[in-house]
Amino acid sequence: MPHATRTLSFAGRSSVFLTLLLLSATSLAAQAGASIATASHATSGATGDEAADVTFSRDIAPILQRACVRCHRENGVAPMPLATYEDVQPFASMIARRTQIRDRAGAMPPWYVEKDIGIQHFKDDMSLDEWEIETLDAWRRAGAPEGDPADLPPPLQFNDDVLWAAGEPDLIVRLPEVLVEDDAPDWWGDIENIPTGLTEDRYVKSVEIREVNDVPQRRDGEHGGRHTVGGRFVVHHMIWSTRVIEGQETGPGSDRAATDTGWPVHEVGREPDIFDEDAGRLLRAGSSVVSNSVHLHSNGRDTRAHLEIGFRFHPPDYEPKYRRSILGLGNGSDIDMRPGAAGQELHAYKVLNQHTKLVTFEPHLHAPGMRMCLEAIWGFNVETLNCAGYDHNWVRGYTYAEDHQPLLPKGTILHIIGYMDTSEANRNVPDTRNWQGSGNRSVANMFIDLGMRVELSDEQFVEEMAMRRHRLALGLNDHVIGCPLCMVIPEDGDMSYFADTEWWQPDAATEADSESSESPGESGDRGDSPGGSQER
């Protein structure tokens with residue numbers, strides 16, 4: 001348990017507004033605090049003679065089990081299984097090559113957050129560490145030896161009856177089937193409104209969309225069509241909402257009802273969207289799924305497909321603590337891409353009118369897009385929260401881990417930078433001679449951060465920062481990426497402000513351990529923990 005003097009707070013709830021004024025006034029001085037060094041994985045991969053010692057059974061199988069086999073398995077969504085030596089050995093060179101792409105289009109696993117800048121704590125992070133990438137390449141160079149099968153880790157067990165990554169949904173809504181012919185052009189349009197069948201209002205903890213189609217899977221990784229839109233899918237994306245429709249005309253142009261609830265855009269390769277535990281999203285009784293922006297893209301073979309939407313609910317008595325932040329962070333009007341040129345940039349800004357917690361970072365570009373960075377500007381401080389590569393064939397969102405979501409005060413300016421390439425080096429651009437503006441087509445451009453965010457009241461913002469100081473055991477000279485006011489603590493801070501909160505109640509075992517570790521007369525001060533500093 002951190003020493004009480006390291007995590008300070010405020011005297012009373014009535015002082016919250018004055019406290020925030022103090023935070024704003026003193027924040028610039030606090031930004032002079034030293035940053036904690038980012039922890040690095042010092043383990044290096046095998047090189048030279050050591051490469052010959054790398055075997056599938058002892059070294060490669062554990063890496064694949066952690067990062068790859070969830071998709072690359074029998075009946076998985078990936079084109080070929082990578083569970084056994086016989087599965088993996090023919091693809092040793094491909095695996096080494098694709099993993100060395102790291103954070104750019106075409107990389108495997110499909111995780112593009114850059115590891116040398118910004119926040120590095122995310123939920124469900126499947127990315128490889130540098131030593132793992134080096135080990136995979138060393139195994140390839142050594143001739144991909146199997147090693148002793150006795151060294152193999154136990155095989156992973158999957159229940160193929162469970163089709164949903166986030167768990168079995170409480171409600172599944174099936175959308176109509178479509179036929180996309182092998183040579184069909186791209187199609188955008190609306191779908192008929194589909195009733196959810198829900199009879200009572202419920203708050204949703206997660207939503208997941210899966211495409212069900214008749215694309216076959218073969219062990220050689222082929223599927224008889226073009227390797228586009230993930231190779232196996234025809235629905236590139238769907239922008240959708242749910243709406244209670246009471247005698248209204250449907251389709252594009254109809255009046256938007258006050259009961260609309262917007263949901264994360266479905267995109268090919270998307271993982272489940274899990275909302276902040278304190279910010280469930282409302283699905284109203286009697287609502288229907290509504291969309292006037294579905295994008296279908298042929299995968300090179302006649303394909304019948306439909307989407308299924310799975311909702312997982314909070315308990316019936318759940319009430320959200322935070323409100324969803326609805327703001328647009330992007331630019332669709334000033335896109336002006338010169339033909340045949342790499343290194344072009346797009347910029348967009350948004351001022352936060354409320355204290356805001358960022359839940360996810362989700363770059364959305366199109367074929368010319370290569371990379372996006374997200375910055376937070378507060379006072380003279382310009383801090384990069386994250387940069388990520390972009391692959392239009394595998395669009396991803398990144399959910400920040402607990403206690404690492406950016407906490408940004410009102411007045412912060414969010415800034416996104418898109419890096420675009422219309423040169424011959426970008427194989428996604430079909431004709432590099434063309435000027436490009438904005439548009440729905442994949443060969444045109446979009447520039448948006450579709451990330452999820454929640455608004456915080458003054459009191460909630462203060463409490464969130466206090467929780468972070470407490471849970472991460474932060475000291476006055478620590479720096480937290482994405483939380484410019486976290487370490488601005490008034491001198492008269494008093495933890496009694498949070499004495500009745502659940503997160504501040506000391507665990508009995510921790511309290512006893514803390515008391516036994518201090519000899520009589522000690523002040524409770526402690527040195528740095530073993531293992532060095534960590535990225536905060």
# chains A, B, ... in the order shown; residues from 1 in each chain; ligands from 1

call {"tool": "residues_around", "arguments": {"residues": "stretch 51-67 of chain A", "least_positions_apart": "2", "cutoff": "8 Å", "atoms": "only C-alpha atoms", "output": "MDAnalysis selection string"}}
result
chainID A and resid 46:49 69:70 82:85 109 126:128 132 135:136 138:139 141:142 144:153 156

call {"tool": "select_by_dssp", "arguments": {"residues": "stretch 138-332 of chain A", "states": "strand (DSSP E)", "output": "short mmCIF file (atom, residue, chain, number, x, y, z; two decimals) with N, CA, C and O atoms, in the first residue's frame"}}
result
data_model
loop_
_atom_site.label_atom_id
_atom_site.label_comp_id
_atom_site.auth_asym_id
_atom_site.auth_seq_id
_atom_site.Cartn_x
_atom_site.Cartn_y
_atom_site.Cartn_z
N LEU A 171 -28.14 -11.11 -26.61
CA LEU A 171 -29.07 -10.85 -27.71
C LEU A 171 -28.29 -10.88 -29.02
O LEU A 171 -27.23 -10.26 -29.12
N ILE A 172 -28.79 -11.62 -30.00
CA ILE A 172 -28.18 -11.69 -31.32
C ILE A 172 -29.20 -11.21 -32.34
O ILE A 172 -30.34 -11.68 -32.38
N VAL A 173 -28.78 -10.24 -33.16
CA VAL A 173 -29.63 -9.72 -34.23
C VAL A 173 -28.97 -10.10 -35.55
O VAL A 173 -27.82 -9.73 -35.82
N ARG A 174 -29.70 -10.82 -36.39
CA ARG A 174 -29.18 -11.25 -37.69
C ARG A 174 -29.68 -10.30 -38.78
O ARG A 174 -30.88 -10.02 -38.88
N VAL A 178 -26.71 -11.20 -48.16
CA VAL A 178 -26.40 -10.53 -49.42
C VAL A 178 -25.57 -11.49 -50.27
O VAL A 178 -24.87 -12.37 -49.75
N LEU A 179 -25.65 -11.31 -51.59
CA LEU A 179 -24.81 -12.03 -52.52
C LEU A 179 -23.89 -11.02 -53.19
O LEU A 179 -24.35 -10.07 -53.82
N VAL A 180 -22.58 -11.22 -53.05
CA VAL A 180 -21.58 -10.37 -53.70
C VAL A 180 -20.88 -11.23 -54.75
O VAL A 180 -20.18 -12.18 -54.40
N TRP A 187 -20.04 -1.50 -53.53
CA TRP A 187 -21.42 -1.04 -53.35
C TRP A 187 -21.56 -0.38 -51.99
O TRP A 187 -21.05 -0.90 -50.99
N TRP A 188 -22.24 0.77 -51.97
CA TRP A 188 -22.59 1.44 -50.72
C TRP A 188 -24.08 1.67 -50.72
O TRP A 188 -24.68 2.00 -51.76
N GLY A 189 -24.69 1.54 -49.58
CA GLY A 189 -26.12 1.79 -49.53
C GLY A 189 -26.69 1.49 -48.17
O GLY A 189 -25.96 1.27 -47.19
N ILE A 194 -34.00 -3.59 -39.11
CA ILE A 194 -34.18 -4.92 -38.53
C ILE A 194 -34.52 -4.78 -37.05
O ILE A 194 -33.69 -4.31 -36.26
N PRO A 195 -35.72 -5.17 -36.60
CA PRO A 195 -36.07 -5.07 -35.18
C PRO A 195 -35.15 -5.93 -34.31
O PRO A 195 -34.79 -7.05 -34.69
N ARG A 202 -32.05 -1.92 -21.88
CA ARG A 202 -30.89 -2.56 -21.26
C ARG A 202 -29.63 -1.80 -21.63
O ARG A 202 -29.48 -1.30 -22.75
N TYR A 203 -28.70 -1.75 -20.67
CA TYR A 203 -27.39 -1.16 -20.93
C TYR A 203 -26.43 -2.25 -21.40
O TYR A 203 -26.39 -3.35 -20.86
N VAL A 204 -25.67 -1.92 -22.42
CA VAL A 204 -24.82 -2.88 -23.11
C VAL A 204 -23.38 -2.73 -22.62
O VAL A 204 -22.84 -1.63 -22.56
N LYS A 205 -22.74 -3.86 -22.26
CA LYS A 205 -21.33 -3.84 -21.84
C LYS A 205 -20.39 -4.09 -23.01
O LYS A 205 -19.25 -3.64 -22.99
N SER A 206 -20.85 -4.82 -24.05
CA SER A 206 -20.01 -5.04 -25.23
C SER A 206 -20.90 -5.35 -26.42
O SER A 206 -22.01 -5.86 -26.27
N VAL A 207 -20.38 -5.04 -27.60
CA VAL A 207 -21.06 -5.38 -28.84
C VAL A 207 -20.03 -5.98 -29.79
O VAL A 207 -18.88 -5.53 -29.85
N GLU A 208 -20.43 -7.01 -30.49
CA GLU A 208 -19.53 -7.73 -31.39
C GLU A 208 -20.29 -8.07 -32.66
O GLU A 208 -21.44 -8.51 -32.61
N ILE A 209 -19.66 -7.85 -33.80
CA ILE A 209 -20.28 -8.16 -35.09
C ILE A 209 -19.41 -9.17 -35.82
O ILE A 209 -18.19 -9.01 -35.92
N ARG A 210 -20.03 -10.22 -36.31
CA ARG A 210 -19.31 -11.23 -37.06
C ARG A 210 -19.98 -11.45 -38.41
O ARG A 210 -21.21 -11.44 -38.52
N GLU A 211 -19.14 -11.61 -39.44
CA GLU A 211 -19.65 -11.94 -40.77
C GLU A 211 -19.69 -13.45 -40.92
O GLU A 211 -18.68 -14.13 -40.72
N VAL A 212 -20.82 -13.97 -41.29
CA VAL A 212 -20.99 -15.39 -41.56
C VAL A 212 -21.15 -15.54 -43.07
O VAL A 212 -22.06 -14.95 -43.66
N ASN A 213 -20.25 -16.29 -43.70
CA ASN A 213 -20.32 -16.43 -45.15
C ASN A 213 -19.94 -17.84 -45.57
O ASN A 213 -19.63 -18.70 -44.73
N VAL A 235 -18.03 -7.78 -46.43
CA VAL A 235 -18.53 -6.55 -45.80
C VAL A 235 -17.32 -5.79 -45.28
O VAL A 235 -16.70 -6.20 -44.30
N HIS A 236 -16.99 -4.69 -45.94
CA HIS A 236 -15.83 -3.92 -45.49
C HIS A 236 -16.16 -3.12 -44.25
O HIS A 236 -15.40 -3.09 -43.29
N HIS A 237 -17.31 -2.42 -44.25
CA HIS A 237 -17.70 -1.73 -43.02
C HIS A 237 -19.19 -1.43 -43.04
O HIS A 237 -19.85 -1.50 -44.09
N MET A 238 -19.72 -1.13 -41.87
CA MET A 238 -21.11 -0.71 -41.72
C MET A 238 -21.18 0.35 -40.63
O MET A 238 -20.76 0.11 -39.49
N ILE A 239 -21.69 1.53 -40.97
CA ILE A 239 -21.99 2.57 -39.99
C ILE A 239 -23.45 2.40 -39.60
O ILE A 239 -24.33 2.40 -40.47
N TRP A 240 -23.70 2.25 -38.31
CA TRP A 240 -25.05 1.86 -37.90
C TRP A 240 -25.44 2.46 -36.56
O TRP A 240 -24.59 2.96 -35.81
N SER A 241 -26.73 2.41 -36.30
CA SER A 241 -27.26 2.84 -35.01
C SER A 241 -28.49 1.99 -34.71
O SER A 241 -28.91 1.16 -35.53
N THR A 242 -29.05 2.18 -33.52
CA THR A 242 -30.35 1.58 -33.20
C THR A 242 -31.33 2.71 -32.93
O THR A 242 -30.96 3.75 -32.38
N ARG A 243 -32.58 2.47 -33.31
CA ARG A 243 -33.58 3.54 -33.25
C ARG A 243 -34.95 2.94 -32.99
O ARG A 243 -35.29 1.90 -33.56
N VAL A 244 -35.72 3.61 -32.15
CA VAL A 244 -37.12 3.24 -31.96
C VAL A 244 -37.91 3.93 -33.07
O VAL A 244 -37.93 5.16 -33.15
N THR A 261 -29.34 5.54 -30.79
CA THR A 261 -28.09 5.21 -30.09
C THR A 261 -27.07 4.82 -31.14
O THR A 261 -27.30 3.91 -31.93
N GLY A 262 -25.96 5.53 -31.17
CA GLY A 262 -24.89 5.20 -32.11
C GLY A 262 -24.00 4.11 -31.55
O GLY A 262 -23.77 4.02 -30.33
N HIS A 266 -18.67 -1.01 -37.66
CA HIS A 266 -18.13 -2.34 -37.94
C HIS A 266 -17.16 -2.25 -39.11
O HIS A 266 -17.49 -1.66 -40.16
N GLU A 267 -15.97 -2.82 -38.94
CA GLU A 267 -14.97 -2.84 -40.00
C GLU A 267 -14.35 -4.23 -40.06
O GLU A 267 -14.29 -4.93 -39.05
N ASP A 273 -16.13 -4.70 -29.32
CA ASP A 273 -16.04 -3.40 -28.66
C ASP A 273 -16.57 -3.56 -27.24
O ASP A 273 -17.76 -3.86 -27.03
N ILE A 274 -15.68 -3.38 -26.27
CA ILE A 274 -16.04 -3.51 -24.86
C ILE A 274 -16.04 -2.11 -24.26
O ILE A 274 -15.00 -1.45 -24.20
N ARG A 281 -23.69 1.42 -22.77
CA ARG A 281 -24.45 2.14 -23.79
C ARG A 281 -25.87 1.59 -23.85
O ARG A 281 -26.08 0.38 -23.81
N LEU A 282 -26.86 2.48 -23.99
CA LEU A 282 -28.26 2.10 -23.85
C LEU A 282 -28.81 1.53 -25.15
O LEU A 282 -28.71 2.15 -26.22
N LEU A 283 -29.42 0.34 -25.07
CA LEU A 283 -30.19 -0.25 -26.15
C LEU A 283 -31.65 -0.23 -25.71
O LEU A 283 -32.03 -0.89 -24.75
N SER A 287 -36.35 -1.13 -30.26
CA SER A 287 -35.50 -0.46 -31.24
C SER A 287 -35.17 -1.39 -32.40
O SER A 287 -35.31 -2.62 -32.30
N SER A 288 -34.71 -0.80 -33.50
CA SER A 288 -34.31 -1.53 -34.69
C SER A 288 -32.90 -1.13 -35.08
O SER A 288 -32.44 -0.03 -34.77
N VAL A 289 -32.20 -2.04 -35.75
CA VAL A 289 -30.89 -1.73 -36.31
C VAL A 289 -31.12 -0.96 -37.60
O VAL A 289 -31.86 -1.38 -38.49
N VAL A 290 -30.45 0.21 -37.71
CA VAL A 290 -30.62 1.11 -38.85
C VAL A 290 -29.26 1.43 -39.43
O VAL A 290 -28.31 1.73 -38.69
N SER A 291 -29.13 1.36 -40.75
CA SER A 291 -27.87 1.75 -41.40
C SER A 291 -28.16 2.24 -42.82
O SER A 291 -28.91 1.60 -43.56
N ASN A 292 -27.57 3.37 -43.17
CA ASN A 292 -27.62 3.84 -44.55
C ASN A 292 -26.20 3.92 -45.13
O ASN A 292 -25.96 4.64 -46.08
N SER A 293 -25.26 3.18 -44.52
CA SER A 293 -23.89 3.19 -45.01
C SER A 293 -23.25 1.82 -44.80
O SER A 293 -22.51 1.60 -43.85
N VAL A 294 -23.58 0.91 -45.71
CA VAL A 294 -22.94 -0.40 -45.74
C VAL A 294 -22.05 -0.43 -46.97
O VAL A 294 -22.45 -0.02 -48.06
N HIS A 295 -20.81 -0.92 -46.80
CA HIS A 295 -19.85 -0.99 -47.91
C HIS A 295 -19.53 -2.46 -48.17
O HIS A 295 -18.98 -3.15 -47.31
N LEU A 296 -19.90 -2.94 -49.37
CA LEU A 296 -19.60 -4.30 -49.80
C LEU A 296 -18.47 -4.27 -50.82
O LEU A 296 -18.43 -3.40 -51.69
N THR A 303 -19.96 -14.87 -53.23
CA THR A 303 -20.02 -15.09 -51.79
C THR A 303 -21.38 -14.66 -51.24
O THR A 303 -21.84 -13.54 -51.51
N ARG A 304 -22.00 -15.56 -50.50
CA ARG A 304 -23.21 -15.22 -49.75
C ARG A 304 -22.81 -14.96 -48.29
O ARG A 304 -22.07 -15.75 -47.70
N ALA A 305 -23.30 -13.86 -47.74
CA ALA A 305 -22.86 -13.48 -46.39
C ALA A 305 -23.97 -12.71 -45.68
O ALA A 305 -24.85 -12.11 -46.32
N HIS A 306 -23.90 -12.76 -44.36
CA HIS A 306 -24.75 -11.90 -43.55
C HIS A 306 -23.99 -11.54 -42.28
O HIS A 306 -23.03 -12.21 -41.89
N LEU A 307 -24.40 -10.46 -41.64
CA LEU A 307 -23.81 -10.02 -40.37
C LEU A 307 -24.70 -10.43 -39.22
O LEU A 307 -25.93 -10.43 -39.33
N GLU A 308 -24.05 -10.78 -38.10
CA GLU A 308 -24.76 -11.02 -36.85
C GLU A 308 -24.20 -10.09 -35.79
O GLU A 308 -22.98 -9.99 -35.63
N ILE A 309 -25.09 -9.40 -35.09
CA ILE A 309 -24.70 -8.45 -34.04
C ILE A 309 -25.00 -9.08 -32.69
O ILE A 309 -26.15 -9.45 -32.40
N GLY A 310 -23.96 -9.21 -31.86
CA GLY A 310 -24.13 -9.78 -30.53
C GLY A 310 -24.00 -8.72 -29.45
O GLY A 310 -22.96 -8.06 -29.35
N PHE A 311 -25.04 -8.54 -28.64
CA PHE A 311 -25.03 -7.60 -27.52
C PHE A 311 -24.89 -8.38 -26.22
O PHE A 311 -25.61 -9.35 -25.99
N ARG A 312 -23.97 -7.93 -25.36
CA ARG A 312 -23.86 -8.47 -24.01
C ARG A 312 -24.29 -7.38 -23.03
O ARG A 312 -23.81 -6.25 -23.12
N PHE A 313 -25.18 -7.73 -22.09
CA PHE A 313 -25.82 -6.74 -21.24
C PHE A 313 -25.20 -6.67 -19.85
O PHE A 313 -24.67 -7.66 -19.32
N ARG A 323 -21.09 9.51 -18.84
CA ARG A 323 -21.85 9.70 -20.06
C ARG A 323 -20.91 9.65 -21.26
O ARG A 323 -19.80 10.16 -21.21
N ARG A 324 -21.38 9.03 -22.32
CA ARG A 324 -20.60 8.95 -23.55
C ARG A 324 -20.30 10.34 -24.10
O ARG A 324 -21.15 11.22 -24.12
#

call {"tool": "atom_distance", "arguments": {"atom1": "atom CA of A:Arg453", "atom2": "atom CA of A:His314"}}
result
18.9 Å

call {"tool": "select_by_dssp", "arguments": {"residues": "stretch 140-229 of chain A", "states": "helix (DSSP H, G or I)", "output": "PyMOL selection string"}}
result
chain A and resi 140-141+149-151

call {"tool": "write_last_selection", "arguments": {"atoms": "N, CA and C atoms", "output": "short mmCIF file (atom, residue, chain, number, x, y, z; two decimals), in the first residue's frame"}}
result
data_model
loop_
_atom_site.label_atom_id
_atom_site.label_comp_id
_atom_site.auth_asym_id
_atom_site.auth_seq_id
_atom_site.Cartn_x
_atom_site.Cartn_y
_atom_site.Cartn_z
N ARG A 140 13.93 -19.56 -38.39
CA ARG A 140 13.91 -19.70 -39.85
C ARG A 140 15.33 -19.88 -40.38
N ARG A 141 16.28 -19.07 -39.91
CA ARG A 141 17.66 -19.15 -40.40
C ARG A 141 18.32 -20.47 -40.03
N PRO A 149 9.77 -32.99 -29.01
CA PRO A 149 8.33 -32.78 -28.75
C PRO A 149 7.98 -32.75 -27.27
N ALA A 150 8.85 -33.31 -26.44
CA ALA A 150 8.58 -33.26 -25.00
C ALA A 150 8.64 -31.83 -24.46
N ASP A 151 9.27 -30.92 -25.21
CA ASP A 151 9.37 -29.52 -24.78
C ASP A 151 8.13 -28.70 -25.11
#

call {"tool": "closest_residue", "arguments": {"among": "A:Ile119, A:Ala367, A:Ala285, A:Leu485", "to": "A:Ala105", "atoms": "only C-alpha atoms"}}
result
A:Ala367

call {"tool": "decode", "arguments": {"residues": "stretch 274-285 of chain A", "atoms": "all heavy atoms", "output": "mmCIF file, in the first residue's frame"}}
result
data_model
loop_
_atom_site.group_PDB
_atom_site.id
_atom_site.type_symbol
_atom_site.label_atom_id
_atom_site.label_comp_id
_atom_site.auth_asym_id
_atom_site.auth_seq_id
_atom_site.Cartn_x
_atom_site.Cartn_y
_atom_site.Cartn_z
ATOM 1 N N ILE A 274 -15.683 -3.379 -26.265
ATOM 2 C CA ILE A 274 -16.040 -3.509 -24.857
ATOM 3 C C ILE A 274 -16.038 -2.115 -24.257
ATOM 4 O O ILE A 274 -15.004 -1.447 -24.202
ATOM 5 C CB ILE A 274 -15.045 -4.431 -24.126
ATOM 6 C CG1 ILE A 274 -15.054 -5.816 -24.787
ATOM 7 C CG2 ILE A 274 -15.405 -4.535 -22.641
ATOM 8 C CD1 ILE A 274 -14.014 -6.765 -24.252
ATOM 9 N N PHE A 275 -17.184 -1.660 -23.819
ATOM 10 C CA PHE A 275 -17.322 -0.297 -23.334
ATOM 11 C C PHE A 275 -16.746 -0.158 -21.930
ATOM 12 O O PHE A 275 -16.578 -1.147 -21.206
ATOM 13 C CB PHE A 275 -18.799 0.120 -23.357
ATOM 14 C CG PHE A 275 -19.437 -0.017 -24.711
ATOM 15 C CD1 PHE A 275 -20.479 -0.899 -24.917
ATOM 16 C CD2 PHE A 275 -18.963 0.709 -25.792
ATOM 17 C CE1 PHE A 275 -21.064 -1.034 -26.159
ATOM 18 C CE2 PHE A 275 -19.528 0.576 -27.045
ATOM 19 C CZ PHE A 275 -20.585 -0.297 -27.240
ATOM 20 N N ASP A 276 -16.420 1.088 -21.573
ATOM 21 C CA ASP A 276 -15.963 1.363 -20.218
ATOM 22 C C ASP A 276 -16.974 0.790 -19.230
ATOM 23 O O ASP A 276 -18.189 0.914 -19.411
ATOM 24 C CB ASP A 276 -15.811 2.877 -20.025
ATOM 25 C CG ASP A 276 -15.194 3.230 -18.695
ATOM 26 O OD1 ASP A 276 -15.906 3.168 -17.680
ATOM 27 O OD2 ASP A 276 -13.998 3.579 -18.660
ATOM 28 N N GLU A 277 -16.460 0.143 -18.192
ATOM 29 C CA GLU A 277 -17.328 -0.532 -17.228
ATOM 30 C C GLU A 277 -18.343 0.424 -16.620
ATOM 31 O O GLU A 277 -19.451 0.015 -16.250
ATOM 32 C CB GLU A 277 -16.482 -1.171 -16.120
ATOM 33 C CG GLU A 277 -17.264 -2.008 -15.126
ATOM 34 C CD GLU A 277 -17.881 -3.266 -15.741
ATOM 35 O OE1 GLU A 277 -17.360 -3.745 -16.777
ATOM 36 O OE2 GLU A 277 -18.888 -3.759 -15.186
ATOM 37 N N ASP A 278 -17.995 1.706 -16.524
ATOM 38 C CA ASP A 278 -18.888 2.696 -15.923
ATOM 39 C C ASP A 278 -19.635 3.515 -16.964
ATOM 40 O O ASP A 278 -20.217 4.553 -16.631
ATOM 41 C CB ASP A 278 -18.086 3.639 -15.015
ATOM 42 C CG ASP A 278 -17.514 2.925 -13.804
ATOM 43 O OD1 ASP A 278 -18.244 2.117 -13.213
ATOM 44 O OD2 ASP A 278 -16.339 3.168 -13.473
ATOM 45 N N ALA A 279 -19.612 3.077 -18.219
ATOM 46 C CA ALA A 279 -20.261 3.854 -19.283
ATOM 47 C C ALA A 279 -20.945 2.927 -20.276
ATOM 48 O O ALA A 279 -20.694 2.990 -21.485
ATOM 49 C CB ALA A 279 -19.248 4.754 -19.985
ATOM 50 N N GLY A 280 -21.803 2.029 -19.773
ATOM 51 C CA GLY A 280 -22.566 1.162 -20.659
ATOM 52 C C GLY A 280 -23.434 1.977 -21.602
ATOM 53 O O GLY A 280 -23.877 3.080 -21.272
ATOM 54 N N ARG A 281 -23.693 1.416 -22.774
ATOM 55 C CA ARG A 281 -24.449 2.142 -23.793
ATOM 56 C C ARG A 281 -25.870 1.587 -23.849
ATOM 57 O O ARG A 281 -26.077 0.381 -23.807
ATOM 58 C CB ARG A 281 -23.752 2.032 -25.144
ATOM 59 C CG ARG A 281 -24.178 3.101 -26.127
ATOM 60 C CD ARG A 281 -23.224 3.199 -27.303
ATOM 61 N NE ARG A 281 -21.901 3.653 -26.919
ATOM 62 C CZ ARG A 281 -20.952 3.994 -27.795
ATOM 63 N NH1 ARG A 281 -21.199 3.910 -29.095
ATOM 64 N NH2 ARG A 281 -19.780 4.401 -27.389
ATOM 65 N N LEU A 282 -26.859 2.482 -23.985
ATOM 66 C CA LEU A 282 -28.259 2.099 -23.854
ATOM 67 C C LEU A 282 -28.811 1.529 -25.155
ATOM 68 O O LEU A 282 -28.713 2.146 -26.218
ATOM 69 C CB LEU A 282 -29.094 3.312 -23.434
ATOM 70 C CG LEU A 282 -30.592 3.071 -23.255
ATOM 71 C CD1 LEU A 282 -30.846 2.062 -22.138
ATOM 72 C CD2 LEU A 282 -31.311 4.395 -22.950
ATOM 73 N N LEU A 283 -29.416 0.341 -25.066
ATOM 74 C CA LEU A 283 -30.191 -0.253 -26.149
ATOM 75 C C LEU A 283 -31.650 -0.230 -25.712
ATOM 76 O O LEU A 283 -32.034 -0.892 -24.748
ATOM 77 C CB LEU A 283 -29.732 -1.677 -26.427
ATOM 78 C CG LEU A 283 -30.449 -2.411 -27.565
ATOM 79 C CD1 LEU A 283 -30.216 -1.718 -28.906
ATOM 80 C CD2 LEU A 283 -29.984 -3.861 -27.640
ATOM 81 N N ARG A 284 -32.461 0.535 -26.416
ATOM 82 C CA ARG A 284 -33.836 0.760 -25.984
ATOM 83 C C ARG A 284 -34.764 -0.369 -26.428
ATOM 84 O O ARG A 284 -34.566 -0.987 -27.474
ATOM 85 C CB ARG A 284 -34.347 2.087 -26.530
ATOM 86 C CG ARG A 284 -33.643 3.304 -25.947
ATOM 87 C CD ARG A 284 -34.316 4.586 -26.387
ATOM 88 N NE ARG A 284 -33.646 5.754 -25.843
ATOM 89 C CZ ARG A 284 -33.882 6.274 -24.641
ATOM 90 N NH1 ARG A 284 -34.786 5.701 -23.848
ATOM 91 N NH2 ARG A 284 -33.237 7.342 -24.223
ATOM 92 N N ALA A 285 -35.786 -0.599 -25.616
ATOM 93 C CA ALA A 285 -36.818 -1.572 -25.970
ATOM 94 C C ALA A 285 -37.497 -1.140 -27.259
ATOM 95 O O ALA A 285 -37.749 0.040 -27.492
ATOM 96 C CB ALA A 285 -37.837 -1.687 -24.840
#
